[in-house]
>>> print(open('run-v4.cif').read())   # mmCIF, C-alpha atoms (C1' of nucleotides)
data_work
loop_
_atom_site.label_atom_id
_atom_site.label_comp_id
_atom_site.auth_asym_id
_atom_site.auth_seq_id
_atom_site.Cartn_x
_atom_site.Cartn_y
_atom_site.Cartn_z
CA MET T 1 19.59 61.63 269.48
CA LYS T 2 20.46 63.80 266.55
CA THR T 3 21.53 67.36 267.05
CA ARG T 4 19.39 70.00 265.40
CA LYS T 5 22.41 72.13 264.68
CA ILE T 6 22.98 72.43 260.97
CA ASP T 7 26.41 71.43 259.77
CA PRO T 8 28.36 74.66 259.18
CA GLN T 9 30.02 73.06 256.17
CA ALA T 10 26.64 72.34 254.60
CA LYS T 11 25.74 75.99 255.10
CA MET T 12 28.83 77.18 253.29
CA ASP T 13 28.36 74.60 250.55
CA ARG T 14 24.99 76.19 250.00
CA VAL T 15 26.51 79.65 249.88
CA VAL T 16 29.09 78.45 247.37
CA GLU T 17 26.54 76.75 245.14
CA ILE T 18 24.22 79.74 245.10
CA ALA T 19 27.02 82.25 244.65
CA ARG T 20 28.33 80.32 241.65
CA ARG T 21 24.92 80.32 240.05
CA LEU T 22 24.50 84.04 240.65
CA PHE T 23 28.00 84.83 239.37
CA VAL T 24 27.28 82.87 236.20
CA GLU T 25 23.88 84.48 235.69
CA LYS T 26 24.76 88.07 236.45
CA GLY T 27 28.53 88.37 236.51
CA TYR T 28 30.80 88.81 239.52
CA HIS T 29 30.30 92.55 239.90
CA ASN T 30 26.55 92.37 239.50
CA VAL T 31 26.23 90.11 242.49
CA SER T 32 26.35 91.80 245.89
CA ILE T 33 26.89 90.14 249.23
CA PRO T 34 23.38 91.22 250.32
CA GLN T 35 22.01 89.32 247.30
CA ILE T 36 23.90 86.18 248.27
CA VAL T 37 22.63 86.62 251.82
CA LYS T 38 19.05 86.87 250.65
CA ALA T 39 19.27 83.96 248.18
CA SER T 40 21.10 81.60 250.54
CA GLY T 41 19.49 82.50 253.85
CA VAL T 42 22.96 82.75 255.38
CA SER T 43 23.93 86.02 257.02
CA THR T 44 26.68 88.44 256.06
CA GLY T 45 28.55 87.71 259.26
CA ALA T 46 28.57 83.96 258.66
CA ILE T 47 29.86 84.39 255.12
CA TYR T 48 32.64 86.71 256.23
CA HIS T 49 33.49 84.29 259.01
CA HIS T 50 34.39 81.66 256.40
CA PHE T 51 35.70 83.83 253.57
CA SER T 52 37.88 86.82 254.18
CA ASN T 53 36.20 88.78 251.41
CA LYS T 54 34.10 88.51 248.27
CA GLU T 55 37.16 87.80 246.15
CA SER T 56 38.23 84.83 248.22
CA LEU T 57 34.74 83.35 247.96
CA ALA T 58 35.04 83.65 244.19
CA SER T 59 38.51 82.10 244.20
CA TYR T 60 37.26 79.18 246.24
CA ILE T 61 34.46 78.60 243.74
CA HIS T 62 36.97 78.78 240.92
CA GLU T 63 39.33 76.18 242.35
CA GLN T 64 36.52 73.89 243.38
CA THR T 65 34.99 73.93 239.90
CA LEU T 66 38.34 73.32 238.22
CA GLY T 67 39.10 70.46 240.60
CA GLU T 68 35.75 68.83 239.97
CA PHE T 69 36.30 68.95 236.21
CA ASN T 70 39.75 67.40 236.53
CA GLN T 71 38.34 64.57 238.62
CA LEU T 72 35.52 63.91 236.17
CA LEU T 73 37.95 63.82 233.27
CA SER T 74 40.31 61.41 235.03
CA ALA T 75 37.40 59.11 235.73
CA ARG T 76 36.37 59.11 232.07
CA LEU T 77 39.86 58.30 230.88
CA VAL T 78 40.27 54.98 232.68
CA GLY T 79 40.13 52.20 230.12
CA THR T 80 40.68 54.43 227.10
CA SER T 81 43.67 53.66 224.94
CA SER T 82 43.62 55.18 221.46
CA VAL T 83 43.93 58.86 220.72
CA TYR T 84 40.44 58.83 219.23
CA GLN T 85 38.96 57.17 222.30
CA ARG T 86 40.51 59.71 224.62
CA LEU T 87 39.54 62.78 222.65
CA ARG T 88 36.07 61.34 222.30
CA ALA T 89 35.87 60.82 226.06
CA PHE T 90 36.86 64.44 226.59
CA ALA T 91 34.25 65.71 224.16
CA GLN T 92 31.56 63.46 225.60
CA LEU T 93 32.35 64.68 229.10
CA VAL T 94 31.95 68.38 228.31
CA LEU T 95 28.76 67.65 226.38
CA ASP T 96 27.41 65.70 229.37
CA ILE T 97 28.31 68.48 231.76
CA ALA T 98 26.63 71.03 229.51
CA GLU T 99 23.45 68.98 229.61
CA ASN T 100 23.43 67.95 233.28
CA ASP T 101 25.09 70.85 235.05
CA SER T 102 24.75 73.86 232.84
CA VAL T 103 25.83 76.22 235.62
CA MET T 104 29.18 74.45 235.84
CA MET T 105 29.57 74.52 232.06
CA GLU T 106 28.67 78.19 231.81
CA TYR T 107 31.08 78.95 234.61
CA MET T 108 33.89 77.20 232.73
CA LEU T 109 33.05 78.79 229.40
CA PHE T 110 32.22 82.34 230.31
CA MET T 111 33.45 83.24 233.77
CA LYS T 112 36.09 85.91 233.66
CA HIS T 113 38.24 84.91 236.57
CA THR T 114 40.43 87.95 235.87
CA GLU T 115 37.67 90.09 237.34
CA PHE T 116 38.44 88.74 240.78
CA MET T 117 41.83 87.04 240.47
CA SER T 118 44.90 88.98 239.55
CA GLU T 119 46.81 86.12 237.88
CA SER T 120 46.07 82.70 236.32
CA HIS T 121 44.60 81.86 232.93
CA PRO T 122 41.04 81.19 231.85
CA ILE T 123 39.75 77.78 232.84
CA CYS T 124 39.61 76.85 229.17
CA PHE T 125 43.39 76.98 228.89
CA SER T 126 44.22 75.10 232.06
CA GLU T 127 45.35 71.56 232.76
CA PRO T 128 42.66 69.59 230.91
CA PHE T 129 43.15 71.59 227.78
CA ARG T 130 46.88 71.14 227.95
CA TRP T 131 46.12 67.45 228.22
CA VAL T 132 44.23 67.75 224.92
CA GLN T 133 47.33 69.28 223.34
CA GLU T 134 49.49 66.39 224.48
CA THR T 135 47.01 63.84 223.22
CA ILE T 136 46.94 65.54 219.86
CA ARG T 137 50.72 65.66 219.69
CA GLU T 138 50.69 61.90 220.22
CA GLY T 139 48.13 61.47 217.47
CA MET T 140 50.25 63.46 215.06
CA GLU T 141 53.31 61.39 215.85
CA LYS T 142 51.35 58.20 215.21
CA GLY T 143 50.17 59.61 211.92
CA GLU T 144 46.50 59.39 212.94
CA LEU T 145 46.14 63.16 212.79
CA LYS T 146 46.99 65.75 210.19
CA GLN T 147 50.49 67.14 210.62
CA GLY T 148 50.48 70.76 211.74
CA ASP T 149 50.63 73.12 214.67
CA VAL T 150 49.55 71.33 217.84
CA MET T 151 47.91 74.45 219.28
CA VAL T 152 45.89 75.05 216.14
CA ALA T 153 44.75 71.43 216.04
CA GLY T 154 43.85 71.49 219.74
CA ALA T 155 41.89 74.70 219.32
CA SER T 156 40.14 73.25 216.28
CA PHE T 157 38.99 70.14 218.11
CA THR T 158 37.86 71.89 221.28
CA GLY T 159 36.47 74.79 219.27
CA VAL T 160 33.93 72.61 217.51
CA VAL T 161 32.71 71.02 220.72
CA LEU T 162 32.66 74.17 222.85
CA ARG T 163 30.94 76.24 220.22
CA VAL T 164 28.16 73.71 219.78
CA ILE T 165 27.74 73.86 223.55
CA GLU T 166 27.61 77.65 223.45
CA VAL T 167 24.88 77.50 220.84
CA TYR T 168 23.02 74.97 222.97
CA LEU T 169 23.34 77.09 226.12
CA ALA T 170 22.13 80.11 224.20
CA GLY T 171 18.96 78.13 223.49
CA VAL T 172 19.42 78.33 219.74
CA LEU T 173 19.99 74.65 219.04
CA GLU T 174 16.90 73.03 217.58
CA VAL T 175 17.81 69.48 218.56
CA SER T 176 18.84 68.17 221.98
CA LEU T 177 22.50 68.08 222.87
CA GLN T 178 22.16 64.32 223.14
CA GLU T 179 21.08 64.13 219.49
CA ALA T 180 23.75 66.56 218.36
CA ALA T 181 26.59 64.81 220.23
CA GLU T 182 27.55 62.24 217.59
CA GLU T 183 27.58 64.76 214.78
CA THR T 184 29.56 67.21 216.89
CA ILE T 185 32.23 64.69 217.81
CA ALA T 186 32.42 63.54 214.19
CA ASN T 187 32.94 67.13 213.02
CA ALA T 188 35.58 67.79 215.67
CA TRP T 189 37.45 64.66 214.65
CA SER T 190 37.14 65.46 210.94
CA ALA T 191 38.73 68.83 211.57
CA ILE T 192 42.00 67.26 212.68
CA LYS T 193 42.17 63.66 211.42
CA ALA T 194 44.77 62.66 208.86
CA MET J 1 40.97 130.96 208.90
CA LYS J 2 40.50 127.75 210.79
CA THR J 3 38.72 127.66 214.10
CA ARG J 4 40.67 126.33 217.06
CA LYS J 5 37.60 124.71 218.48
CA ILE J 6 37.94 120.95 218.56
CA ASP J 7 35.22 119.07 216.76
CA PRO J 8 32.80 117.81 219.44
CA GLN J 9 32.25 114.67 217.39
CA ALA J 10 35.96 113.90 217.43
CA LYS J 11 35.93 114.28 221.19
CA MET J 12 33.13 111.79 221.60
CA ASP J 13 34.74 109.40 219.11
CA ARG J 14 37.72 109.44 221.41
CA VAL J 15 35.54 108.72 224.43
CA VAL J 16 33.89 105.84 222.59
CA GLU J 17 37.19 104.34 221.46
CA ILE J 18 38.76 104.56 224.90
CA ALA J 19 35.65 103.33 226.68
CA ARG J 20 35.50 100.29 224.40
CA ARG J 21 39.09 99.44 225.14
CA LEU J 22 38.55 99.82 228.88
CA PHE J 23 35.34 97.77 228.78
CA VAL J 24 37.15 94.98 226.94
CA GLU J 25 40.15 95.08 229.27
CA LYS J 26 38.35 95.34 232.58
CA GLY J 27 34.70 94.58 232.02
CA TYR J 28 31.78 97.00 232.04
CA HIS J 29 31.39 97.18 235.80
CA ASN J 30 35.09 97.58 236.46
CA VAL J 31 35.19 100.77 234.45
CA SER J 32 33.96 103.90 236.18
CA ILE J 33 33.03 107.18 234.56
CA PRO J 34 35.88 108.89 236.44
CA GLN J 35 38.28 106.40 234.81
CA ILE J 36 36.94 107.19 231.35
CA VAL J 37 37.24 110.88 232.19
CA LYS J 38 40.87 110.46 233.20
CA ALA J 39 41.83 108.25 230.25
CA SER J 40 40.08 110.34 227.61
CA GLY J 41 40.71 113.83 228.94
CA VAL J 42 37.02 114.60 228.43
CA SER J 43 35.01 115.72 231.45
CA THR J 44 32.07 114.03 233.13
CA GLY J 45 29.76 116.81 232.08
CA ALA J 46 30.70 116.50 228.41
CA ILE J 47 30.15 112.77 228.44
CA TYR J 48 26.76 113.10 230.08
CA HIS J 49 25.85 115.81 227.61
CA HIS J 50 26.18 113.28 224.76
CA PHE J 51 25.09 110.09 226.48
CA SER J 52 22.20 109.98 228.91
CA ASN J 53 23.99 107.47 231.12
CA LYS J 54 26.76 104.87 231.25
CA GLU J 55 24.48 102.22 229.78
CA SER J 56 23.64 104.24 226.72
CA LEU J 57 27.34 104.84 226.07
CA ALA J 58 27.84 101.08 226.19
CA SER J 59 24.87 100.48 223.88
CA TYR J 60 26.24 102.95 221.39
CA ILE J 61 29.59 101.17 221.39
CA HIS J 62 27.79 97.87 220.91
CA GLU J 63 25.80 98.96 217.89
CA GLN J 64 28.72 100.74 216.33
CA THR J 65 30.94 97.66 216.61
CA LEU J 66 28.27 95.36 215.23
CA GLY J 67 27.62 97.73 212.34
CA GLU J 68 31.28 97.97 211.48
CA PHE J 69 31.59 94.19 211.34
CA ASN J 70 28.57 93.89 209.07
CA GLN J 71 30.04 96.44 206.71
CA LEU J 72 33.41 94.72 206.61
CA LEU J 73 31.77 91.38 205.89
CA SER J 74 29.66 92.79 203.06
CA ALA J 75 32.77 94.27 201.50
CA ARG J 76 34.57 90.94 201.62
CA LEU J 77 31.70 89.10 200.01
CA VAL J 78 31.62 91.02 196.74
CA GLY J 79 32.91 88.80 193.98
CA THR J 80 32.61 85.56 195.93
CA SER J 81 30.43 82.87 194.44
CA SER J 82 30.95 79.37 195.81
CA VAL J 83 30.03 78.28 199.30
CA TYR J 84 33.69 77.58 200.00
CA GLN J 85 34.75 81.03 198.83
CA ARG J 86 32.19 82.75 201.01
CA LEU J 87 32.92 80.78 204.18
CA ARG J 88 36.60 81.30 203.55
CA ALA J 89 36.06 85.06 203.20
CA PHE J 90 34.22 85.08 206.52
CA ALA J 91 36.98 83.17 208.29
CA GLN J 92 39.67 85.32 206.75
CA LEU J 93 37.86 88.46 207.87
CA VAL J 94 37.63 87.48 211.53
CA LEU J 95 41.26 86.35 211.49
CA ASP J 96 42.28 89.69 209.98
CA ILE J 97 40.29 91.62 212.57
CA ALA J 98 41.85 89.58 215.36
CA GLU J 99 45.29 90.52 214.10
CA ASN J 100 44.70 94.17 213.22
CA ASP J 101 42.09 95.32 215.71
CA SER J 102 42.27 92.99 218.67
CA VAL J 103 40.10 95.28 220.79
CA MET J 104 37.25 94.92 218.30
CA MET J 105 37.72 91.15 218.17
CA GLU J 106 37.84 90.80 221.95
CA TYR J 107 34.77 92.95 222.21
CA MET J 108 32.89 90.68 219.81
CA LEU J 109 34.10 87.48 221.45
CA PHE J 110 33.92 88.26 225.12
CA MET J 111 31.79 91.29 225.84
CA LYS J 112 28.73 90.39 227.84
CA HIS J 113 26.24 92.87 226.45
CA THR J 114 23.67 91.48 228.88
CA GLU J 115 25.50 93.32 231.65
CA PHE J 116 24.26 96.62 230.27
CA MET J 117 21.49 95.75 227.82
CA SER J 118 18.34 94.04 228.97
CA GLU J 119 17.53 92.24 225.71
CA SER J 120 19.28 91.18 222.50
CA HIS J 121 21.63 88.23 221.89
CA PRO J 122 25.41 87.95 222.03
CA ILE J 123 27.15 89.44 219.04
CA CYS J 124 28.32 85.96 218.06
CA PHE J 125 24.77 84.86 217.31
CA SER J 126 23.67 87.91 215.40
CA GLU J 127 23.21 88.66 211.73
CA PRO J 128 26.61 87.60 210.35
CA PHE J 129 26.42 84.27 212.10
CA ARG J 130 22.95 83.67 210.80
CA TRP J 131 24.40 84.41 207.38
CA VAL J 132 26.88 81.58 208.01
CA GLN J 133 23.96 79.24 208.75
CA GLU J 134 22.29 80.13 205.48
CA THR J 135 25.46 79.64 203.51
CA ILE J 136 25.94 76.24 205.10
CA ARG J 137 22.36 75.26 204.35
CA GLU J 138 23.05 76.08 200.70
CA GLY J 139 26.23 73.99 200.79
CA MET J 140 24.31 71.02 202.16
CA GLU J 141 21.68 71.31 199.47
CA LYS J 142 24.37 71.36 196.80
CA GLY J 143 25.97 68.28 198.35
CA GLU J 144 29.23 70.08 199.00
CA LEU J 145 28.82 69.73 202.73
CA LYS J 146 28.03 66.78 204.99
CA GLN J 147 24.31 66.35 205.56
CA GLY J 148 23.29 67.15 209.12
CA ASP J 149 21.98 69.80 211.48
CA VAL J 150 22.66 73.26 210.07
CA MET J 151 23.23 74.77 213.52
CA VAL J 152 25.73 72.10 214.48
CA ALA J 153 27.61 72.54 211.21
CA GLY J 154 27.62 76.32 211.59
CA ALA J 155 28.89 76.08 215.15
CA SER J 156 31.55 73.61 214.03
CA PHE J 157 32.89 75.89 211.32
CA THR J 158 32.86 79.08 213.38
CA GLY J 159 34.01 77.18 216.47
CA VAL J 160 37.29 76.20 214.87
CA VAL J 161 38.06 79.72 213.70
CA LEU J 162 36.95 81.54 216.84
CA ARG J 163 38.74 79.18 219.18
CA VAL J 164 42.02 79.57 217.32
CA ILE J 165 41.53 83.31 217.69
CA GLU J 166 40.86 82.94 221.41
CA VAL J 167 44.08 81.00 221.80
CA TYR J 168 45.90 83.68 219.83
CA LEU J 169 44.43 86.50 221.90
CA ALA J 170 45.37 84.64 225.08
CA GLY J 171 48.95 84.80 223.83
CA VAL J 172 49.33 81.04 223.83
CA LEU J 173 49.74 80.53 220.09
CA GLU J 174 53.36 79.90 219.17
CA VAL J 175 53.03 80.95 215.53
CA SER J 176 51.56 84.15 214.12
CA LEU J 177 47.91 84.24 213.23
CA GLN J 178 48.99 84.88 209.66
CA GLU J 179 50.86 81.58 209.60
CA ALA J 180 48.07 79.71 211.33
CA ALA J 181 45.34 81.05 209.03
CA GLU J 182 45.57 78.49 206.23
CA GLU J 183 45.64 75.55 208.60
CA THR J 184 42.75 76.98 210.59
CA ILE J 185 40.56 77.50 207.56
CA ALA J 186 41.44 74.03 206.28
CA ASN J 187 40.44 72.49 209.62
CA ALA J 188 37.20 74.44 209.75
CA TRP J 189 36.32 73.31 206.24
CA SER J 190 37.29 69.68 206.98
CA ALA J 191 34.90 69.69 209.92
CA ILE J 192 31.89 70.20 207.67
CA LYS J 193 32.78 69.23 204.10
CA ALA J 194 31.12 66.22 202.47
"C1'" DG P 1 29.57 80.54 264.62
"C1'" DT P 2 26.02 83.39 263.57
"C1'" DC P 3 23.44 87.29 263.79
"C1'" DT P 4 22.07 92.65 263.12
"C1'" DA P 5 23.47 97.10 262.45
"C1'" DT P 6 26.30 100.38 260.51
"C1'" DA P 7 30.72 102.64 259.19
"C1'" DG P 8 33.17 104.23 255.34
"C1'" DC P 9 33.93 104.35 250.52
"C1'" DC P 10 33.26 105.11 245.70
"C1'" DC P 11 30.20 105.39 242.06
"C1'" DG P 12 26.73 107.30 238.78
"C1'" DA P 13 24.43 111.22 237.90
"C1'" DT P 14 23.22 116.25 238.58
"C1'" DA P 15 23.66 121.33 239.33
"C1'" DG P 16 25.12 125.46 237.98
"C1'" DA P 17 29.04 128.61 236.51
"C1'" DC P 18 31.22 129.84 232.33
"C1'" DG K 1 29.18 122.39 225.12
"C1'" DT K 2 32.15 121.85 228.69
"C1'" DC K 3 33.73 122.33 233.12
"C1'" DT K 4 34.10 121.50 238.58
"C1'" DA K 5 31.91 120.32 242.64
"C1'" DT K 6 28.88 117.55 245.04
"C1'" DC K 7 24.68 114.67 246.34
"C1'" DG K 8 22.41 110.37 247.25
"C1'" DG K 9 22.69 105.48 247.14
"C1'" DG K 10 24.44 100.95 247.43
"C1'" DC K 11 28.29 98.48 248.13
"C1'" DT K 12 32.02 95.79 250.98
"C1'" DA K 13 33.60 94.87 255.21
"C1'" DT K 14 33.56 95.43 260.35
"C1'" DA K 15 31.82 95.69 265.21
"C1'" DG K 16 29.86 93.74 268.84
"C1'" DA K 17 25.80 91.16 270.99
"C1'" DC K 18 24.41 86.50 271.56
#
>>> encode(input="run-v4.cif", output="structure tokens")
Amino acid sequence: MKTRKIDPQAKMDRVVEIARRLFVEKGYHNVSIPQIVKASGVSTGAIYHHFSNKESLASYIHEQTLGEFNQLLSARLVGTSSVYQRLRAFAQLVLDIAENDSVMMEYMLFMKHTEFMSESHPICFSEPFRWVQETIREGMEKGELKQGDVMVAGASFTGVVLRVIEVYLAGVLEVSLQEAAEETIANAWSAIKA
Amino acid sequence: MKTRKIDPQAKMDRVVEIARRLFVEKGYHNVSIPQIVKASGVSTGAIYHHFSNKESLASYIHEQTLGEFNQLLSARLVGTSSVYQRLRAFAQLVLDIAENDSVMMEYMLFMKHTEFMSESHPICFSEPFRWVQETIREGMEKGELKQGDVMVAGASFTGVVLRVIEVYLAGVLEVSLQEAAEETIANAWSAIKA
DNA sequence: GTCTATAGCCCGATAGAC
DNA sequence: GTCTATCGGGCTATAGAC
């Protein structure tokens, strides 16, 4: 005998998923609670029962998205050894996300968390990107990468990949991201290799 | 005998300048007309006399900024001949703007014009960036650049430069943009050269 | 836990004196 | 052209029934 009652967690997951999509599409301040209510089918009262206010809903979405990316990256890194392999795994991951979960990618690229969170840095400068810096520092020490400023090299590598993704998400890329992936990764590597 | 009356144009220029800074800092929807009134010292009535609404003020700022960038780029291109020289001039220009007029650079990088304009593309995919594509196409034909997708190559080159600027604007770069410029341009060129 | 209804606030835009 | 004062609307967040 299964209960007909819908899992409250599932309801909030739905709210979170839809809110993230709306935030990405229209921007935090262009999305009202009534709009989330209408799109999700969950009432104002229920939403405010789980989140103290609109800001805390946004913060929850932020942390959840960041956590998911960290997990995905960790999973991709098992079995990699060389600097090239690891940077390639990173690039491949963001390209895959861009293709398979464009809402997540757009959130990470464009969402201005400062609009609803007082502190903290953009997602693009958080843990995973600091991991890129460290990997590049290692590559420089090994002589596999051009000597130079680690920040500049890190920005160069990620810049190539993220910008190709931006162009893809803008709908301007004439080939599929799949097809462009090899060339993109090659360019990113060329930018920093010794 | 000089009139004491302040030039109305100068007043509106001030409104435009301050509004752009506020929009960049806080985002279009976080800036209210009363805030612009307070920051500029110009009254609501005066603003609405010159601009039919908040949106049209934002549109004016958008076009003005885009136009200024186009002019600056044209000026930098006189006397350049090779593909390398022209791409270098482009990169140097955006780096200079980032250093000397960070509000303009942040506007071009981060402003979501879609929040106040129904159509049109992000500034980063407009005329000057299409000019980059054409220049790269020429470089490929001459054999100076790696053969490949023109869009991907264009995104790779601009991606390196713009991402270094983002890192700089985020205050995370340990060296000055001046010092980082040569390395950045070298990396951007390495990403696409034959 | 979830709903409906609404209080209270602040914004964009207007009116009308000067 | 520029000002002050204010209206109407839509928003966030709460209250209270179920």
>>> axis_aligned_box(input="run-v4.cif", around="chain K", padding_each_side="3 Å", output="JSON")
{"center_x": 28.3, "center_y": 104.4, "center_z": 248.3, "size_x": 17.7, "size_y": 41.9, "size_z": 52.4}
>>> resolve_selection(input="run-v4.cif", expression="the PyMOL selection byres ((chain T) within 9 of (chain P))", output="number ranges by chain")
T: 8, 42-46, 49
>>> resolve_selection(input="run-v4.cif", expression="the PyMOL selection byres ((chain T and resi 95-101) around 10)", output="number ranges by chain")
T: 69, 72, 89-94, 102-106, 161-162, 164-166, 168-169, 176-178, 180-181, 184-185
>>> closest_residue(input="run-v4.cif", among="J:Gln35, J:Gly41, J:Lys112, J:Glu144", to="DC3 in chain K", atoms="only C-alpha atoms (C1' of nucleotides)")
J:Gly41
>>> closest_atom_pairs(input="run-v4.cif", of="chain T", to="chain K", cutoff="10 Å", atoms="only C-alpha atoms (C1' of nucleotides)", output="tab-separated table")
residue	atom	partner	partner_atom	distance
T:Ser32	CA	K:DC11	C1'	7.3
T:Ile33	CA	K:DT12	C1'	7.8
T:Pro34	CA	K:DC11	C1'	9.0
T:Thr44	CA	K:DA13	C1'	9.5
T:Gly45	CA	K:DT14	C1'	9.3
T:Tyr48	CA	K:DA13	C1'	8.3
T:Ser52	CA	K:DA13	C1'	9.2
T:Asn53	CA	K:DA13	C1'	7.6
T:Lys54	CA	K:DT12	C1'	8.0
>>> atom_distance(input="run-v4.cif", atom1="CA of Phe125 in chain T", atom2="CA of Thr65 in chain J")
27.1 Å
>>> closest_atom_pairs(input="run-v4.cif", of="chain J", to="chain T", cutoff="7 Å", atoms="only C-alpha atoms", output="tab-separated table")
residue	atom	partner	partner_atom	distance
J:His29	CA	T:His29	CA	6.3
J:Met151	CA	T:Leu173	CA	6.4
J:Val152	CA	T:Val164	CA	6.0
J:Ala155	CA	T:Val164	CA	5.3
J:Ser156	CA	T:Val160	CA	4.3
J:Gly159	CA	T:Gly159	CA	4.4
J:Val160	CA	T:Ser156	CA	4.3
J:Arg163	CA	T:Gly159	CA	4.9
J:Val164	CA	T:Ala155	CA	5.3
J:Leu173	CA	T:Met151	CA	6.4
J:Thr184	CA	T:Val152	CA	6.7
J:Asn187	CA	T:Ala191	CA	4.5
J:Ala188	CA	T:Ala191	CA	6.1
J:Ser190	CA	T:Ala191	CA	4.9
J:Ala191	CA	T:Ala191	CA	4.3
J:Ile192	CA	T:Asn187	CA	6.3
>>> resolve_selection(input="run-v4.cif", expression="the PyMOL selection byres ((chain J and resi 60) around 12)", output="list in words")
Met12, Asp13, Val15, Val16, Glu17, Ala19, Arg20, His50, Phe51, Ser52, Asn53, Lys54, Glu55, Ser56, Leu57, Ala58, Ser59, Ile61, His62, Glu63, Gln64, Thr65, Leu66, Gly67, His113, Phe116 and Met117 of chain J
>>> atom_distance(input="run-v4.cif", atom1="CA of Arg137 in chain J", atom2="CA of Ala75 in chain J")
21.9 Å
>>> atom_distance(input="run-v4.cif", atom1="CA of Val24 in chain T", atom2="CA of Met111 in chain T")
6.6 Å
>>> build_atoms(input="run-v4.cif", residues="range 159-175 of chain T", atoms="N, CA and C atoms", output="CSV table (one decimal), in the coordinates of the input")
chain,number,residue,atom,x,y,z
T,159,GLY,N,37.3,73.7,219.8
T,159,GLY,CA,36.5,74.8,219.3
T,159,GLY,C,35.1,74.3,218.8
T,160,VAL,N,35.2,73.2,218.0
T,160,VAL,CA,33.9,72.6,217.5
T,160,VAL,C,33.0,72.3,218.7
T,161,VAL,N,33.5,71.5,219.6
T,161,VAL,CA,32.7,71.0,220.7
T,161,VAL,C,32.2,72.2,221.6
T,162,LEU,N,33.1,73.1,221.9
T,162,LEU,CA,32.7,74.2,222.8
T,162,LEU,C,31.7,75.1,222.2
T,163,ARG,N,31.8,75.3,220.9
T,163,ARG,CA,30.9,76.2,220.2
T,163,ARG,C,29.5,75.6,220.1
T,164,VAL,N,29.5,74.4,219.8
T,164,VAL,CA,28.2,73.7,219.8
T,164,VAL,C,27.5,73.8,221.1
T,165,ILE,N,28.3,73.7,222.2
T,165,ILE,CA,27.7,73.9,223.6
T,165,ILE,C,27.3,75.3,223.8
T,166,GLU,N,28.0,76.3,223.3
T,166,GLU,CA,27.6,77.6,223.4
T,166,GLU,C,26.3,77.9,222.8
T,167,VAL,N,26.1,77.4,221.6
T,167,VAL,CA,24.9,77.5,220.8
T,167,VAL,C,23.7,76.8,221.6
T,168,TYR,N,24.0,75.7,222.2
T,168,TYR,CA,23.0,75.0,223.0
T,168,TYR,C,22.6,75.8,224.2
T,169,LEU,N,23.6,76.3,224.9
T,169,LEU,CA,23.3,77.1,226.1
T,169,LEU,C,22.6,78.4,225.8
T,170,ALA,N,22.8,78.9,224.6
T,170,ALA,CA,22.1,80.1,224.2
T,170,ALA,C,20.7,79.8,223.8
T,171,GLY,N,20.3,78.5,223.8
T,171,GLY,CA,19.0,78.1,223.5
T,171,GLY,C,18.6,78.2,222.0
T,172,VAL,N,19.7,78.2,221.2
T,172,VAL,CA,19.4,78.3,219.7
T,172,VAL,C,19.4,77.0,219.0
T,173,LEU,N,19.9,76.0,219.7
T,173,LEU,CA,20.0,74.6,219.0
T,173,LEU,C,18.6,74.1,218.9
T,174,GLU,N,18.3,73.5,217.8
T,174,GLU,CA,16.9,73.0,217.6
T,174,GLU,C,16.7,71.6,218.0
T,175,VAL,N,17.9,70.9,218.1
T,175,VAL,CA,17.8,69.5,218.6
T,175,VAL,C,18.4,69.4,220.0
